[in-house]
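Pasting final_5.csv here (CSV, C-alpha atoms):
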chain,number,residue,atom,x,y,z
A,1,MET,CA,4.1,9.1,-0.5
A,2,ALA,CA,2.7,7.3,-3.5
A,3,LEU,CA,3.2,6.9,-7.2
A,4,SER,CA,-0.2,8.3,-7.8
A,5,GLU,CA,-0.1,11.6,-6.0
A,6,SER,CA,-0.3,14.4,-8.6
A,7,GLY,CA,0.3,15.3,-12.1
A,8,ARG,CA,2.2,18.4,-11.1
A,9,ARG,CA,4.7,16.5,-9.1
A,10,PHE,CA,5.3,14.0,-11.9
A,11,GLY,CA,5.6,16.8,-14.4
A,12,ALA,CA,8.4,18.3,-12.4
A,13,LEU,CA,9.9,14.9,-12.0
A,14,LEU,CA,9.8,14.4,-15.8
A,15,ALA,CA,11.6,17.7,-16.4
A,16,MET,CA,14.2,16.8,-13.8
A,17,ALA,CA,14.7,13.4,-15.5
A,18,LEU,CA,15.8,15.2,-18.7
A,19,ALA,CA,18.3,17.1,-16.6
A,20,LEU,CA,19.6,13.9,-15.1
A,21,LEU,CA,20.3,12.5,-18.5
A,22,ALA,CA,22.7,15.4,-19.0
A,23,ALA,CA,24.5,14.7,-15.7
A,24,GLY,CA,26.6,11.8,-16.8
A,25,CYS,CA,29.7,13.2,-15.2
A,26,ALA,CA,28.4,12.5,-11.6
A,27,SER,CA,30.2,9.7,-9.7
A,28,ILE,CA,28.1,6.8,-8.7
A,29,VAL,CA,28.9,4.6,-5.7
A,30,PRO,CA,28.9,0.9,-6.7
A,31,ARG,CA,26.3,-1.3,-5.1
A,32,ASN,CA,26.7,-4.9,-3.9
A,33,VAL,CA,23.9,-6.6,-5.6
A,34,PRO,CA,22.8,-10.2,-6.5
A,35,SER,CA,24.8,-11.7,-9.4
A,36,ASP,CA,21.8,-12.2,-11.7
A,37,ALA,CA,18.0,-12.6,-11.9
A,38,LEU,CA,18.0,-16.1,-10.6
A,39,ALA,CA,20.1,-15.2,-7.6
A,40,ALA,CA,17.8,-12.2,-7.0
A,41,SER,CA,14.7,-14.4,-7.1
A,42,ARG,CA,16.2,-16.7,-4.4
A,43,ALA,CA,17.4,-14.0,-2.1
A,44,VAL,CA,16.1,-14.2,1.5
A,45,VAL,CA,16.1,-12.0,4.6
A,46,PRO,CA,18.6,-13.6,7.0
A,47,GLY,CA,16.9,-15.0,10.0
A,48,ILE,CA,13.3,-14.4,8.7
A,49,PRO,CA,12.7,-17.1,6.1
A,50,HIS,CA,9.0,-16.3,5.7
A,51,ALA,CA,9.4,-12.5,5.6
A,52,ARG,CA,8.1,-12.0,2.0
A,53,ILE,CA,6.8,-13.4,-1.3
A,54,TRP,CA,6.9,-12.2,-4.9
A,55,GLY,CA,3.7,-10.5,-5.8
A,56,ASP,CA,3.6,-11.4,-9.4
A,57,GLU,CA,3.5,-15.2,-9.2
A,58,ALA,CA,1.4,-17.9,-7.7
A,59,PRO,CA,3.3,-21.2,-7.5
A,60,PRO,CA,1.8,-24.2,-9.2
A,61,HIS,CA,1.9,-26.4,-6.0
A,62,LEU,CA,0.3,-23.8,-3.8
A,63,VAL,CA,-0.2,-25.7,-0.5
A,64,ALA,CA,3.4,-26.9,-0.6
A,65,ALA,CA,4.6,-23.4,-1.3
A,66,ILE,CA,2.5,-22.0,1.6
A,67,ASP,CA,4.1,-24.5,3.9
A,68,THR,CA,7.5,-23.4,2.7
A,69,HIS,CA,7.1,-19.6,2.3
A,70,MET,CA,3.9,-18.4,3.9
A,71,PRO,CA,2.7,-20.6,6.8
A,72,SER,CA,0.8,-17.6,8.1
A,73,VAL,CA,-1.9,-18.4,5.5
A,74,LYS,CA,-2.7,-21.6,7.3
A,75,ARG,CA,-2.9,-19.8,10.6
A,76,LEU,CA,-5.3,-17.3,9.0
A,77,ALA,CA,-7.5,-20.1,7.8
A,78,ALA,CA,-7.5,-21.9,11.2
A,79,ALA,CA,-8.5,-18.6,13.0
A,80,ALA,CA,-11.3,-17.7,10.6
A,81,ARG,CA,-14.6,-16.8,12.4
A,82,VAL,CA,-17.4,-19.2,11.8
A,83,ILE,CA,-20.9,-17.7,11.3
A,84,ASP,CA,-23.8,-20.1,10.7
A,85,GLY,CA,-21.4,-23.0,10.1
A,86,ARG,CA,-19.3,-21.2,7.5
A,87,PRO,CA,-15.9,-19.5,7.9
A,88,HIS,CA,-15.9,-15.8,7.1
A,89,VAL,CA,-12.7,-13.9,6.1
A,90,TYR,CA,-12.6,-10.1,6.1
A,91,ILE,CA,-9.9,-8.4,3.9
A,92,LEU,CA,-9.0,-4.7,3.7
A,93,ALA,CA,-6.7,-3.4,0.9
A,94,LEU,CA,-5.4,0.2,0.9
A,95,SER,CA,-4.0,1.9,-2.2
A,96,GLY,CA,-1.4,4.5,-2.7
A,97,GLY,CA,-2.3,8.1,-3.3
A,98,GLY,CA,0.2,10.4,-1.6
A,99,SER,CA,-1.5,13.1,0.4
A,100,LYS,CA,-4.8,11.6,-0.7
A,101,GLY,CA,-4.2,8.9,1.9
A,102,ALA,CA,-6.1,11.3,4.1
A,103,PHE,CA,-9.3,10.0,2.5
A,104,GLY,CA,-8.6,6.4,3.6
A,105,ALA,CA,-7.7,7.5,7.1
A,106,GLY,CA,-10.9,9.5,7.4
A,107,LEU,CA,-13.1,6.7,6.0
A,108,LEU,CA,-11.7,4.2,8.6
A,109,THR,CA,-12.4,6.7,11.3
A,110,GLY,CA,-16.0,7.3,10.2
A,111,TRP,CA,-16.5,3.6,9.8
A,112,THR,CA,-15.5,3.2,13.4
A,113,GLU,CA,-18.0,5.9,14.5
A,114,ARG,CA,-20.7,4.1,12.6
A,115,GLY,CA,-20.0,1.0,14.6
A,116,THR,CA,-19.9,-1.5,11.7
A,117,ARG,CA,-16.2,-1.7,11.0
A,118,PRO,CA,-15.0,-5.3,11.0
A,119,ARG,CA,-11.9,-6.7,12.5
A,120,PHE,CA,-10.0,-7.6,9.4
A,121,ASP,CA,-8.2,-10.9,9.1
A,122,LEU,CA,-6.0,-9.6,6.3
A,123,VAL,CA,-4.9,-6.0,5.8
A,124,THR,CA,-2.7,-5.0,2.8
A,125,GLY,CA,-1.2,-1.6,2.0
A,126,VAL,CA,0.8,0.1,-0.7
A,127,SER,CA,2.6,3.5,-0.5
A,128,ALA,CA,0.2,5.9,1.3
A,129,GLY,CA,-1.8,2.7,2.1
A,130,ALA,CA,1.4,1.2,3.7
A,131,ILE,CA,1.4,4.1,6.2
A,132,ILE,CA,-2.2,3.5,7.0
A,133,ALA,CA,-2.2,-0.3,7.0
A,134,PRO,CA,-0.4,-1.1,10.3
A,135,PHE,CA,-2.8,1.3,12.2
A,136,ALA,CA,-5.8,-0.1,10.5
A,137,PHE,CA,-4.6,-3.6,11.3
A,138,LEU,CA,-4.4,-2.8,15.1
A,139,GLY,CA,-7.9,-1.4,15.0
A,140,PRO,CA,-10.0,1.6,16.0
A,141,ALA,CA,-7.8,2.5,19.0
A,142,TYR,CA,-5.3,3.9,16.5
A,143,ASP,CA,-7.7,6.1,14.5
A,144,ARG,CA,-6.5,9.2,16.4
A,145,HIS,CA,-2.9,8.4,15.2
A,146,LEU,CA,-4.2,8.2,11.6
A,147,GLU,CA,-5.9,11.5,12.0
A,148,GLU,CA,-2.8,13.2,13.3
A,149,ILE,CA,-0.5,11.7,10.6
A,150,TRP,CA,-2.8,12.7,7.7
A,151,THR,CA,-4.0,16.1,8.8
A,152,GLN,CA,-1.3,17.9,10.7
A,153,TYR,CA,1.9,17.8,8.7
A,154,GLU,CA,2.9,19.9,5.7
A,155,THR,CA,5.5,19.3,3.0
A,156,SER,CA,8.5,20.8,4.9
A,157,GLU,CA,7.7,18.5,7.9
A,158,LEU,CA,7.9,15.4,5.8
A,159,ILE,CA,10.4,15.9,3.1
A,160,ILE,CA,13.4,18.2,2.4
A,161,ALA,CA,14.0,19.3,-1.2
A,162,GLN,CA,17.4,18.6,-2.6
A,163,ILE,CA,16.9,19.5,-6.3
A,164,VAL,CA,20.5,20.3,-7.2
A,165,PRO,CA,22.1,17.1,-5.7
A,166,GLY,CA,19.3,15.1,-7.5
A,167,ILE,CA,20.1,16.7,-10.8
A,168,LEU,CA,23.8,16.2,-10.3
A,169,GLY,CA,23.5,12.4,-9.9
A,170,GLY,CA,22.0,11.9,-6.5
A,171,PRO,CA,19.3,9.2,-5.9
A,172,ALA,CA,16.4,11.6,-5.5
A,173,LEU,CA,15.1,15.1,-5.7
A,174,ALA,CA,14.0,15.1,-2.0
A,175,ASP,CA,15.2,13.7,1.3
A,176,THR,CA,12.6,11.8,3.3
A,177,ALA,CA,14.5,11.9,6.7
A,178,PRO,CA,11.6,13.8,8.3
A,179,LEU,CA,9.1,11.2,7.2
A,180,ALA,CA,11.4,8.4,8.5
A,181,LYS,CA,11.5,10.2,11.8
A,182,LEU,CA,7.7,10.4,11.9
A,183,ILE,CA,7.4,6.7,11.2
A,184,GLU,CA,10.0,6.0,14.0
A,185,ARG,CA,7.9,8.0,16.4
A,186,PHE,CA,4.7,6.0,15.8
A,187,VAL,CA,6.3,2.6,15.1
A,188,ASP,CA,8.2,1.7,18.2
A,189,GLY,CA,8.9,-1.5,20.1
A,190,ARG,CA,5.5,-1.6,21.7
A,191,PHE,CA,3.8,-1.1,18.4
A,192,LEU,CA,5.8,-4.0,17.0
A,193,ARG,CA,4.8,-6.3,19.9
A,194,LEU,CA,1.1,-5.5,19.3
A,195,ILE,CA,1.5,-6.4,15.6
A,196,ALA,CA,3.3,-9.7,16.6
A,197,ALA,CA,0.4,-10.5,19.0
A,198,GLU,CA,-2.2,-10.1,16.3
A,199,HIS,CA,-0.1,-12.2,13.9
A,200,ALA,CA,0.0,-15.0,16.5
A,201,ARG,CA,-3.8,-14.9,16.5
A,202,GLY,CA,-3.8,-15.8,12.8
A,203,ARG,CA,-4.2,-12.3,11.3
A,204,MET,CA,-2.0,-11.0,8.5
A,205,LEU,CA,-0.5,-7.6,7.6
A,206,LEU,CA,1.1,-7.4,4.1
A,207,ILE,CA,2.9,-4.3,2.7
A,208,GLY,CA,3.9,-4.0,-1.0
A,209,THR,CA,7.2,-2.6,-2.3
A,210,THR,CA,8.8,-2.8,-5.7
A,211,ASN,CA,12.2,-4.4,-6.1
A,212,LEU,CA,13.6,-2.0,-8.7
A,213,ASP,CA,16.5,-4.2,-9.7
A,214,ALA,CA,14.3,-7.1,-10.4
A,215,GLU,CA,11.3,-5.1,-11.7
A,216,ARG,CA,9.0,-7.1,-9.5
A,217,PRO,CA,6.5,-6.5,-6.7
A,218,VAL,CA,7.3,-7.8,-3.2
A,219,TYR,CA,4.7,-8.5,-0.5
A,220,TRP,CA,6.2,-8.3,3.0
A,221,ASN,CA,4.7,-10.3,5.9
A,222,MET,CA,4.9,-7.6,8.5
A,223,GLY,CA,3.6,-9.8,11.3
A,224,GLU,CA,6.2,-12.4,10.6
A,225,ILE,CA,8.9,-9.8,10.8
A,226,ALA,CA,7.4,-8.3,14.0
A,227,ALA,CA,7.3,-11.8,15.6
A,228,SER,CA,10.8,-12.8,14.6
A,229,ARG,CA,13.9,-12.7,16.8
A,230,HIS,CA,15.8,-10.7,14.3
A,231,PRO,CA,17.9,-8.1,16.2
A,232,ASP,CA,17.1,-5.4,13.6
A,233,LYS,CA,13.4,-6.3,13.0
A,234,LEU,CA,12.1,-2.8,14.1
A,235,GLU,CA,14.5,-1.1,11.7
A,236,LEU,CA,13.4,-3.4,8.9
A,237,PHE,CA,9.7,-2.9,9.7
A,238,ARG,CA,10.2,0.9,9.4
A,239,LYS,CA,12.3,0.6,6.3
A,240,ILE,CA,9.6,-1.4,4.5
A,241,ILE,CA,7.0,1.2,5.2
A,242,LEU,CA,9.3,4.0,4.0
A,243,ALA,CA,10.3,2.0,0.9
A,244,SER,CA,6.6,1.4,0.0
A,245,ALA,CA,6.2,5.2,-0.1
A,246,ALA,CA,9.4,6.0,-1.9
A,247,ILE,CA,8.4,7.6,-5.3
A,248,PRO,CA,11.1,6.7,-7.7
A,249,GLY,CA,13.3,9.6,-8.5
A,250,ALA,CA,11.4,12.0,-6.2
A,251,PHE,CA,12.2,10.2,-2.9
A,252,PRO,CA,15.3,8.1,-2.3
A,253,PRO,CA,15.0,4.4,-2.7
A,254,VAL,CA,15.5,2.2,0.4
A,255,SER,CA,18.3,-0.4,0.5
A,256,ILE,CA,17.4,-3.7,2.2
A,257,GLU,CA,20.1,-6.2,3.1
A,258,VAL,CA,19.4,-9.8,2.0
A,259,GLU,CA,21.3,-13.0,1.6
A,260,SER,CA,21.9,-14.4,-1.9
A,261,GLU,CA,24.2,-17.3,-2.9
A,262,GLY,CA,25.7,-17.3,0.6
A,263,ARG,CA,26.6,-13.6,0.7
A,264,LEU,CA,25.0,-10.4,1.9
A,265,VAL,CA,23.8,-8.1,-0.8
A,266,GLU,CA,21.5,-5.1,-1.0
A,267,GLU,CA,18.2,-4.7,-2.9
A,268,MET,CA,16.8,-1.4,-4.0
A,269,HIS,CA,13.2,-1.0,-3.0
A,270,VAL,CA,10.8,1.8,-4.1
A,271,ASP,CA,7.1,2.7,-4.1
A,272,GLY,CA,5.0,-0.4,-4.3
A,273,GLY,CA,2.6,1.5,-6.6
A,274,THR,CA,5.2,1.2,-9.3
A,275,THR,CA,4.1,-2.4,-9.9
A,276,ARG,CA,0.8,-2.7,-7.9
A,277,ASP,CA,-1.1,0.2,-6.5
A,278,VAL,CA,-3.4,-2.1,-4.5
A,279,PHE,CA,-3.4,-5.8,-3.9
A,280,VAL,CA,-5.1,-8.6,-2.0
A,281,ALA,CA,-3.0,-11.6,-3.2
A,282,PRO,CA,-0.4,-12.5,-5.9
A,283,ALA,CA,-1.8,-11.5,-9.3
A,284,GLN,CA,-2.3,-15.0,-10.7
A,285,LEU,CA,-3.9,-16.5,-7.5
A,286,ASN,CA,-7.5,-17.7,-7.6
A,287,PHE,CA,-8.9,-17.4,-4.1
A,288,SER,CA,-10.6,-20.8,-4.5
A,289,GLN,CA,-7.2,-22.4,-4.6
A,290,LEU,CA,-7.0,-21.6,-0.9
A,291,ASP,CA,-10.4,-23.1,0.0
A,292,ARG,CA,-8.8,-26.5,0.8
A,293,LEU,CA,-7.2,-24.9,3.8
A,294,TYR,CA,-10.6,-24.5,5.4
A,295,ARG,CA,-13.0,-27.1,6.7
A,296,THR,CA,-15.8,-25.7,4.5
A,297,LYS,CA,-15.7,-23.2,1.7
A,298,PRO,CA,-15.2,-19.7,3.3
A,299,GLN,CA,-17.1,-16.6,2.5
A,300,ARG,CA,-14.6,-13.8,1.8
A,301,HIS,CA,-15.4,-10.1,2.2
A,302,ILE,CA,-13.0,-7.8,0.3
A,303,TYR,CA,-13.0,-4.1,1.0
A,304,ILE,CA,-10.8,-1.9,-1.2
A,305,ILE,CA,-10.1,1.7,-0.3
A,306,MET,CA,-8.7,3.7,-3.3
A,307,ASN,CA,-7.1,6.9,-2.2
A,308,ALA,CA,-7.9,8.5,-5.6
A,309,LYS,CA,-10.8,9.4,-7.9
A,310,MET,CA,-11.7,6.5,-10.2
A,311,THR,CA,-13.5,8.5,-12.9
A,312,PRO,CA,-12.0,10.7,-15.5
A,313,GLU,CA,-11.5,14.4,-14.7
A,314,PHE,CA,-11.8,16.9,-17.5
A,315,GLU,CA,-9.1,19.6,-17.4
A,316,PRO,CA,-7.7,21.5,-20.5
A,317,VAL,CA,-4.0,20.8,-20.8
A,318,LYS,CA,-1.5,23.5,-21.6
A,319,PRO,CA,0.5,22.8,-24.8
A,320,THR,CA,3.9,22.5,-23.0
A,321,ALA,CA,6.2,19.5,-22.6
A,322,VAL,CA,5.9,19.5,-18.8
A,323,ALA,CA,2.1,19.9,-18.7
A,324,ILE,CA,1.6,17.2,-21.4
A,325,GLY,CA,4.0,14.8,-19.7
A,326,ALA,CA,2.4,15.3,-16.3
A,327,ARG,CA,-1.2,14.8,-17.7
A,328,ALA,CA,-0.1,11.7,-19.6
A,329,ILE,CA,1.5,10.2,-16.5
A,330,SER,CA,-1.5,10.9,-14.3
A,331,THR,CA,-3.7,9.3,-17.0
A,332,LEU,CA,-1.4,6.3,-17.1
A,333,ILE,CA,-1.6,5.9,-13.3
A,334,LYS,CA,-5.4,6.0,-13.3
A,335,SER,CA,-5.6,3.4,-16.0
A,336,HIS,CA,-3.0,1.3,-14.1
A,337,ASP,CA,-5.2,1.6,-10.9
A,338,ARG,CA,-8.3,0.4,-12.8
A,339,GLY,CA,-6.4,-2.6,-14.1
A,340,ASP,CA,-5.4,-3.5,-10.5
A,341,LEU,CA,-9.0,-3.2,-9.4
A,342,PHE,CA,-10.4,-5.1,-12.3
A,343,ARG,CA,-8.0,-8.0,-11.5
A,344,ILE,CA,-9.1,-8.1,-7.9
A,345,ARG,CA,-12.8,-7.9,-8.8
A,346,GLN,CA,-12.3,-10.8,-11.2
A,347,GLN,CA,-10.6,-12.8,-8.5
A,348,ALA,CA,-13.5,-12.0,-6.2
A,349,LEU,CA,-16.2,-13.0,-8.7
A,350,GLU,CA,-14.5,-16.3,-9.6
A,351,SER,CA,-14.3,-17.3,-6.0
A,352,GLY,CA,-17.7,-16.0,-4.8
A,353,ALA,CA,-16.2,-13.3,-2.6
A,354,ASN,CA,-18.1,-10.1,-1.8
A,355,PHE,CA,-16.4,-7.1,-3.4
A,356,ARG,CA,-16.7,-3.6,-2.1
A,357,LEU,CA,-14.9,-0.5,-3.4
A,358,ALA,CA,-14.6,3.0,-1.9
A,359,SER,CA,-12.8,5.9,-3.7
A,360,ILE,CA,-12.7,9.7,-3.5
A,361,PRO,CA,-16.1,11.0,-4.9
A,362,PRO,CA,-15.8,12.8,-8.2
A,363,GLU,CA,-17.6,15.9,-6.8
A,364,PHE,CA,-14.8,16.5,-4.3
A,365,ASP,CA,-13.1,19.6,-5.8
A,366,GLY,CA,-10.4,20.5,-3.1
A,367,ARG,CA,-7.1,21.7,-4.4
A,368,SER,CA,-3.8,21.1,-2.7
A,369,LYS,CA,-1.4,24.1,-2.5
A,370,GLN,CA,1.6,21.9,-1.9
A,371,ALA,CA,2.6,18.3,-2.0
A,372,PHE,CA,1.3,17.8,1.6
A,373,ASP,CA,-1.2,20.4,2.5
A,374,PRO,CA,-2.9,20.1,5.9
A,375,VAL,CA,-5.9,22.2,4.9
A,376,TYR,CA,-6.6,20.1,1.8
A,377,GLN,CA,-5.9,16.9,3.7
A,378,ARG,CA,-8.3,17.8,6.5
A,379,ALA,CA,-11.0,18.5,4.0
A,380,LEU,CA,-10.4,15.1,2.3
A,381,PHE,CA,-10.2,13.4,5.7
A,382,GLU,CA,-13.6,14.8,6.6
A,383,VAL,CA,-15.1,13.6,3.2
A,384,GLY,CA,-13.9,10.1,4.0
A,385,ARG,CA,-15.1,10.3,7.5
A,386,ARG,CA,-18.6,11.4,6.5
A,387,LEU,CA,-18.9,8.6,3.9
A,388,GLY,CA,-17.7,6.0,6.5
A,389,ARG,CA,-20.0,7.3,9.2
A,390,GLU,CA,-23.0,7.4,6.9
A,391,GLY,CA,-22.3,4.0,5.3
A,392,GLU,CA,-22.3,5.6,1.8
A,393,ALA,CA,-18.8,4.8,0.7
A,394,TRP,CA,-19.1,1.3,-0.8
A,395,ARG,CA,-20.0,0.2,-4.3
A,396,ARG,CA,-20.0,-3.4,-5.7
A,397,ASP,CA,-18.3,-2.7,-9.0
A,398,LEU,CA,-15.9,-0.2,-10.7
A,399,PRO,CA,-17.4,3.1,-11.8
A,400,GLU,CA,-17.8,3.5,-15.5
A,401,PRO,CA,-15.9,6.4,-17.0
A,402,SER,CA,-19.2,8.0,-18.2
A,403,GLN,CA,-20.7,8.0,-14.8
A,404,ALA,CA,-19.1,11.2,-13.5
A,405,PHE,CA,-16.8,13.9,-14.8
A,406,ALA,CA,-15.5,16.2,-12.1
A,407,ARG,CA,-15.7,19.8,-13.4
A,408,ARG,CA,-13.2,22.4,-12.3

Write out the structure in this file as structure tokens.
Amino acid sequence: MALSESGRRFGALLAMALALLAAGCASIVPRNVPSDALAASRAVVPGIPHARIWGDEAPPHLVAAIDTHMPSVKRLAAAARVIDGRPHVYILALSGGGSKGAFGAGLLTGWTERGTRPRFDLVTGVSAGAIIAPFAFLGPAYDRHLEEIWTQYETSELIIAQIVPGILGGPALADTAPLAKLIERFVDGRFLRLIAAEHARGRMLLIGTTNLDAERPVYWNMGEIAASRHPDKLELFRKIILASAAIPGAFPPVSIEVESEGRLVEEMHVDGGTTRDVFVAPAQLNFSQLDRLYRTKPQRHIYIIMNAKMTPEFEPVKPTAVAIGARAISTLIKSHDRGDLFRIRQQALESGANFRLASIPPEFDGRSKQAFDPVYQRALFEVGRRLGREGEAWRRDLPEPSQAFARR
């Protein structure tokens, strides 16, 4: 459910990718896509003009762009709680991590039990975090749903392996139909109406995917979709969650229909962690640029939950192509995650925001026996729950590599 799940899975994926290169004889069904990069950049969701923004750009005329593309930001500013004469904005960002999303689900549950969990004005999610985010957005009443999703299902209940079709030219090595069914069960019409109601109060829920054709991150305004009159809004809402969790090559991409140059075309969306594993705002945005939307300068509180370990983990690597490739990819992902976090922390420092980071503690030594292992995930859920309940989860900076090495 995330680009950053495990080295073993990516090692297998790397080996399969080599086989895919040899499968050139497979027939590929043509796709109806935008004509070029410019057309792709201007594509919109029919009937929902404010459904999304690009995650890799901050327009130069920000307020005008907000009026045009993201009016929800103004509603968020207008609804900010005022404490001692100053608006306060609470932000929660949830990362990818595959089965490690159990950590974030547990931390939120323990935070509720502690009694100090804020009502967040903005919630963002990527991949595993995209599955958590809508429930976190609706609040503690949905903690029990998070616990079920993240502790009770094993691999065979979420994905179906289809290795041979994948090798012979199919879009993926597994079918995520069971995961899609699980999303359908929890995300129904009533769920969507609750999201829309919170959106109307000025709160925002954003989920990140990657437009693979364009090689760009996309941030979807899920409240705007839920509040729209689009006849297929429930299907689109579910699709975006599934797309955000679609590991490229391992899980099938999700096609989303958009309008470009007056015609309907399809975009290919995959795991949001391919471009951004965690986000708060477009990469180039300085939060201070938004201060003009408030009567007085707001105090922002940014909480980041990383469903991963953020310190290096020593483990001797077998001298085989698969093992070396898997280890290299997992190392790349960890570096990628630190880059995302560094960017957010710099945004916070430059604007005077409070920055808090939680991640899986280095001493946690649980081992997963399969891609989604309920025993492993329950243990990780309880670690997060304890840290949330005891208030020990949060740090103000990124851990230094030398601070902890998990020994196996």

So, counting all atoms listed in the file, which residue among A:Lys239, A:Glu382, A:Ala196, A:Leu387 is closest to Glu224 (chain A)?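 Closest to Glu224 (chain A) of all the choices is A:Ala196.
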
Residues of region 133-207 of chain A at most 10 Å from region 357-371 of chain A: nearest atom pair and distance in Å, only C-alpha atoms, as JSON lines:
{"residue": "A:Glu154", "atom": "CA", "partner": "A:Ala371", "partner_atom": "CA", "distance": 7.9}
{"residue": "A:Thr155", "atom": "CA", "partner": "A:Ala371", "partner_atom": "CA", "distance": 5.9}
{"residue": "A:Ser156", "atom": "CA", "partner": "A:Ala371", "partner_atom": "CA", "distance": 9.4}
{"residue": "A:Leu158", "atom": "CA", "partner": "A:Ala371", "partner_atom": "CA", "distance": 9.9}
{"residue": "A:Ile159", "atom": "CA", "partner": "A:Ala371", "partner_atom": "CA", "distance": 9.6}

Write the residues of the preceding selection, restricted to C-alpha atoms, as a tab-separated table (two decimals), in the coordinates of the input.
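Listed below is the output, selection_35.tsv:
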chain	number	residue	atom	x	y	z
A	154	GLU	CA	2.90	19.90	5.70
A	155	THR	CA	5.50	19.30	3.00
A	156	SER	CA	8.50	20.80	4.90
A	158	LEU	CA	7.90	15.40	5.80
A	159	ILE	CA	10.40	15.90	3.10

Excluding Ser288 (chain A) and any residue of its chain fewer than 2 positions from it, enumerate the residues within 9 Å of it, using all atoms listed in the file, and give them as a PyMOL selection string. chain A and resi 285-286+290-292+297+347+350-352

Just give me the gap between CA of Ala80 (chain A) and CA of Ala200 (chain A) in Å, one decimal is fine.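 Calculated distance between CA of Ala80 (chain A) and CA of Ala200 (chain A) is 13.0 Å.
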
Report the distance between CA of Ile302 (chain A) and CA of Thr68 (chain A) in Å, rounded to one decimal place.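 Computing the Euclidean distance for CA of Ile302 (chain A) and CA of Thr68 (chain A) yields 25.9 Å.
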
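Here CA of Arg338 (chain A) is placed at a distance of 10.0 Å from CA of Val278 (chain A).
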
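You can rank A:Glu113, A:Asp36, A:Glu400, A:Asp232 by their closest distance to Glu261 (chain A) using all atoms listed in the file, and at the top of that list sits A:Asp36.
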
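Distances to Ala43 (chain A) were evaluated for A:Gly262, A:Gly104, A:Pro231, A:Gly96 using all atoms listed in the file, and the minimum falls at A:Gly262.
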
Excluding Tyr153 (chain A) and its own-chain neighbours fewer than 4 positions away, which residues fall within 12 Å of it when counting all atoms listed in the file? Please give them as a PDB file with C-alpha atoms, keeping the file's coordinate frame.
ATOM      1  CA  SER A  99      -1.500  13.100   0.400  1.00  0.00           C
ATOM      2  CA  ALA A 102      -6.100  11.300   4.100  1.00  0.00           C
ATOM      3  CA  LEU A 146      -4.200   8.200  11.600  1.00  0.00           C
ATOM      4  CA  GLU A 147      -5.900  11.500  12.000  1.00  0.00           C
ATOM      5  CA  GLU A 148      -2.800  13.200  13.300  1.00  0.00           C
ATOM      6  CA  ILE A 149      -0.500  11.700  10.600  1.00  0.00           C
ATOM      7  CA  GLU A 157       7.700  18.500   7.900  1.00  0.00           C
ATOM      8  CA  LEU A 158       7.900  15.400   5.800  1.00  0.00           C
ATOM      9  CA  ILE A 159      10.400  15.900   3.100  1.00  0.00           C
ATOM     10  CA  PRO A 178      11.600  13.800   8.300  1.00  0.00           C
ATOM     11  CA  LEU A 179       9.100  11.200   7.200  1.00  0.00           C
ATOM     12  CA  LEU A 182       7.700  10.400  11.900  1.00  0.00           C
ATOM     13  CA  GLN A 370       1.600  21.900  -1.900  1.00  0.00           C
ATOM     14  CA  ALA A 371       2.600  18.300  -2.000  1.00  0.00           C
ATOM     15  CA  PHE A 372       1.300  17.800   1.600  1.00  0.00           C
ATOM     16  CA  ASP A 373      -1.200  20.400   2.500  1.00  0.00           C
ATOM     17  CA  PRO A 374      -2.900  20.100   5.900  1.00  0.00           C
ATOM     18  CA  VAL A 375      -5.900  22.200   4.900  1.00  0.00           C
ATOM     19  CA  TYR A 376      -6.600  20.100   1.800  1.00  0.00           C
ATOM     20  CA  GLN A 377      -5.900  16.900   3.700  1.00  0.00           C
ATOM     21  CA  ARG A 378      -8.300  17.800   6.500  1.00  0.00           C
TER      22      ARG A 378
END

Go through A:Gly223, A:Gly273, A:Pro316, A:Pro401 and flag the residue nearest Pro134 (chain A), using only C-alpha atoms for the distances.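 Checking each candidate against Pro134 (chain A), we get A:Gly223 as the closest.
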
Pick from A:Ala281, A:Leu108, A:Leu138, A:Val322, whichever lies nearest to Gly55 (chain A) using only C-alpha atoms: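 With only C-alpha atoms as the atom set, the closest residue is A:Ala281.
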
Distance cut-off 9 Å, centre (5.1, -7.6, 17.9) in file coordinates, counting all atoms listed in the file: which residues qualify? Return them as a PyMOL selection string. chain A and resi 189-199+223-228

Taking all atoms listed in the file into account, which of A:Ser255, A:Ser95, A:Gln289, A:Thr274 comes nearest Glu235 (chain A)?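 The shortest atom-to-atom distance to Glu235 (chain A) comes from A:Ser255.
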
Taking 4 positions as the minimum chain separation for residues in the same chain, which residues sit within 7 Å of Gly202 (chain A) when counting all atoms listed in the file? Answer as number ranges by chain. A: 72, 75-76, 79, 198

Contacts of His301 (chain A) at 7 Å or less, counting only C-alpha atoms, minus same-chain residues fewer than 5 places along, as a VMD selection string? chain A and resid 89 to 91 353 to 355
